[in-house]
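Below: the structure, in structure tokens.
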Amino acid sequence: MPIPFRPSDVRVMSDVEAAWMGAIFEGEGSGIVGDYPSGVGHYPTRKITAVVANTDPEVLSACLRFTGSGRVYGKPAVPGHRPAFAWTIQKRNSALDFLHQIAPYSWKAQRTLDRAAELDERWEGSSHS
């Protein structure tokens, strides 16, 4: 059974918004690329996630406004530290779209896209495709 295509829900950012997001991602973000095997009743999957962590909720609110996508989560409190939060995009196509939009402004985004392309190449040559 083919898996349906899911379009991105990231809005097209202006150059200024993409540059700001690229700078925030470069300093405070992480790009996660993973290859997950199938479980009972599940297909094997390629996962790409974009995350920005910060102690200032206004920064993460801007991430939501500029992209129109993602969610903000509270992180477990650590005694003696300020509360922390994380904005994340976990939908693969949305994360890829976001990373492509900020790639001109972020080496970290470029490296994440490179790792995602390597994973796609491995999948094309395997029994997953």
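The way I read the labels, and the way they are meant: chains A, B, ... in the order of the structure tokens, residue 1 as the first residue of every chain, and ligand 1 as the first ligand shown, with later ones counted on from there.
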With DSSP run on the backbone, what are the strand (DSSP E) residues within segment 6-126 of chain A? I'd like them as a list of chain:residue names.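 Put together, the selection reads A:Gly29, A:Ser30, A:Gly31, A:Ile32, A:Val33, A:Gly34, A:Asp35, A:Tyr36, A:Thr45, A:Arg46, A:Lys47, A:Ile48, A:Thr49, A:Ala50, A:Val51, A:Val52, A:Ala53, A:Asn54, A:Arg71, A:Val72, A:Tyr73, A:Gly74, A:Phe85, A:Ala86, A:Trp87, A:Thr88, A:Ile89.
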With N, CA, C and O atoms retained, write the just-selected residues as a compact mmCIF listing (two decimals), in the first residue's frame.
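Writing the result to again08.txt gives the following:
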# COMPACT_ATOMS: atom_id res chain seq x y z
N GLY A 29 19.43 25.78 17.27
CA GLY A 29 18.64 24.69 16.67
C GLY A 29 19.39 23.39 16.50
O GLY A 29 20.60 23.31 16.67
N SER A 30 18.60 22.39 16.16
CA SER A 30 19.12 21.06 15.84
C SER A 30 18.31 20.48 14.70
O SER A 30 17.09 20.62 14.66
N GLY A 31 19.01 19.82 13.80
CA GLY A 31 18.36 19.07 12.74
C GLY A 31 18.57 17.59 13.00
O GLY A 31 19.71 17.15 13.13
N ILE A 32 17.50 16.85 13.14
CA ILE A 32 17.58 15.43 13.48
C ILE A 32 17.14 14.61 12.27
O ILE A 32 16.04 14.80 11.76
N VAL A 33 18.02 13.73 11.82
CA VAL A 33 17.73 12.86 10.68
C VAL A 33 17.87 11.43 11.17
O VAL A 33 18.90 11.06 11.73
N GLY A 34 16.81 10.63 10.97
CA GLY A 34 16.86 9.26 11.46
C GLY A 34 16.20 8.28 10.52
O GLY A 34 15.35 8.64 9.71
N ASP A 35 16.61 7.05 10.65
CA ASP A 35 16.09 5.94 9.86
C ASP A 35 15.52 4.94 10.86
O ASP A 35 16.26 4.38 11.66
N TYR A 36 14.21 4.78 10.86
CA TYR A 36 13.56 3.94 11.86
C TYR A 36 12.98 2.69 11.22
O TYR A 36 12.24 2.78 10.24
N THR A 45 10.46 4.05 8.27
CA THR A 45 10.29 5.46 7.97
C THR A 45 11.59 6.23 8.09
O THR A 45 12.48 5.84 8.83
N ARG A 46 11.66 7.30 7.35
CA ARG A 46 12.74 8.27 7.45
C ARG A 46 12.17 9.47 8.20
O ARG A 46 11.14 9.99 7.81
N LYS A 47 12.82 9.89 9.24
CA LYS A 47 12.31 11.00 10.06
C LYS A 47 13.28 12.16 10.00
O LYS A 47 14.49 11.98 10.14
N ILE A 48 12.75 13.33 9.77
CA ILE A 48 13.53 14.56 9.79
C ILE A 48 12.77 15.55 10.67
O ILE A 48 11.59 15.80 10.46
N THR A 49 13.47 16.07 11.66
CA THR A 49 12.87 16.99 12.62
C THR A 49 13.75 18.23 12.75
O THR A 49 14.97 18.12 12.78
N ALA A 50 13.12 19.39 12.83
CA ALA A 50 13.82 20.64 13.11
C ALA A 50 13.39 21.13 14.48
O ALA A 50 12.18 21.14 14.79
N VAL A 51 14.35 21.51 15.32
CA VAL A 51 14.08 21.92 16.69
C VAL A 51 14.86 23.19 17.01
O VAL A 51 16.03 23.31 16.63
N VAL A 52 14.22 24.11 17.71
CA VAL A 52 14.90 25.27 18.28
C VAL A 52 14.56 25.29 19.77
O VAL A 52 13.37 25.29 20.12
N ALA A 53 15.57 25.28 20.62
CA ALA A 53 15.37 25.31 22.07
C ALA A 53 15.83 26.66 22.60
O ALA A 53 16.83 27.22 22.13
N ASN A 54 15.07 27.19 23.59
CA ASN A 54 15.41 28.49 24.14
C ASN A 54 14.68 28.67 25.46
O ASN A 54 13.66 28.03 25.69
N ARG A 71 5.19 23.15 16.80
CA ARG A 71 4.60 23.21 18.13
C ARG A 71 5.67 23.64 19.12
O ARG A 71 6.85 23.38 18.90
N VAL A 72 5.23 24.24 20.21
CA VAL A 72 6.14 24.60 21.28
C VAL A 72 5.85 23.70 22.47
O VAL A 72 4.70 23.53 22.87
N TYR A 73 6.91 23.12 23.00
CA TYR A 73 6.81 22.23 24.16
C TYR A 73 7.62 22.80 25.31
O TYR A 73 8.71 23.36 25.09
N GLY A 74 7.13 22.62 26.53
CA GLY A 74 7.93 22.92 27.70
C GLY A 74 8.88 21.77 27.96
O GLY A 74 8.53 20.62 27.73
N PHE A 85 12.09 25.85 26.74
CA PHE A 85 11.04 25.47 25.80
C PHE A 85 11.69 25.02 24.50
O PHE A 85 12.84 25.36 24.22
N ALA A 86 10.95 24.29 23.70
CA ALA A 86 11.45 23.87 22.39
C ALA A 86 10.34 24.00 21.36
O ALA A 86 9.21 23.56 21.59
N TRP A 87 10.66 24.63 20.23
CA TRP A 87 9.77 24.68 19.07
C TRP A 87 10.26 23.59 18.13
O TRP A 87 11.46 23.44 17.91
N THR A 88 9.33 22.81 17.61
CA THR A 88 9.73 21.69 16.76
C THR A 88 8.78 21.50 15.59
O THR A 88 7.58 21.72 15.71
N ILE A 89 9.35 21.11 14.46
CA ILE A 89 8.57 20.64 13.30
C ILE A 89 8.93 19.18 13.13
O ILE A 89 10.09 18.84 12.88
List as a PyMOL selection string the protein and nucleic acid residues near Met13 of chain A, meaning an atom at most 7 Å away when only C-alpha atoms are counted, but skip any in the same chain fewer than 3 places from it. chain A and resi 17-18+66-67
Restrict the selected residues to C-alpha atoms and save them as a PDB file, in the first residue's frame.
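Contents of again.pdb, as written:
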ATOM      1  CA  GLU A  17      12.098  36.015   8.198  1.00  0.00           C
ATOM      2  CA  ALA A  18      14.124  33.205   6.616  1.00  0.00           C
ATOM      3  CA  PHE A  66       7.282  33.150  10.829  1.00  0.00           C
ATOM      4  CA  THR A  67       6.750  29.538   9.770  1.00  0.00           C
TER       5      THR A  67
END
inquiry  = Based on the backbone DSSP call, show me all residues of segment 68-121 of chain A assigned helix (DSSP H, G or I), as an NGL selection string.
reply    = :A and (92-105 or 107-121)
Between atom CA of Asp97 of chain A and atom CA of Val12 of chain A, what is the spacing in Å?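 Interatomic distance, atom CA of Val12 of chain A to atom CA of Asp97 of chain A: 9.0 Å.
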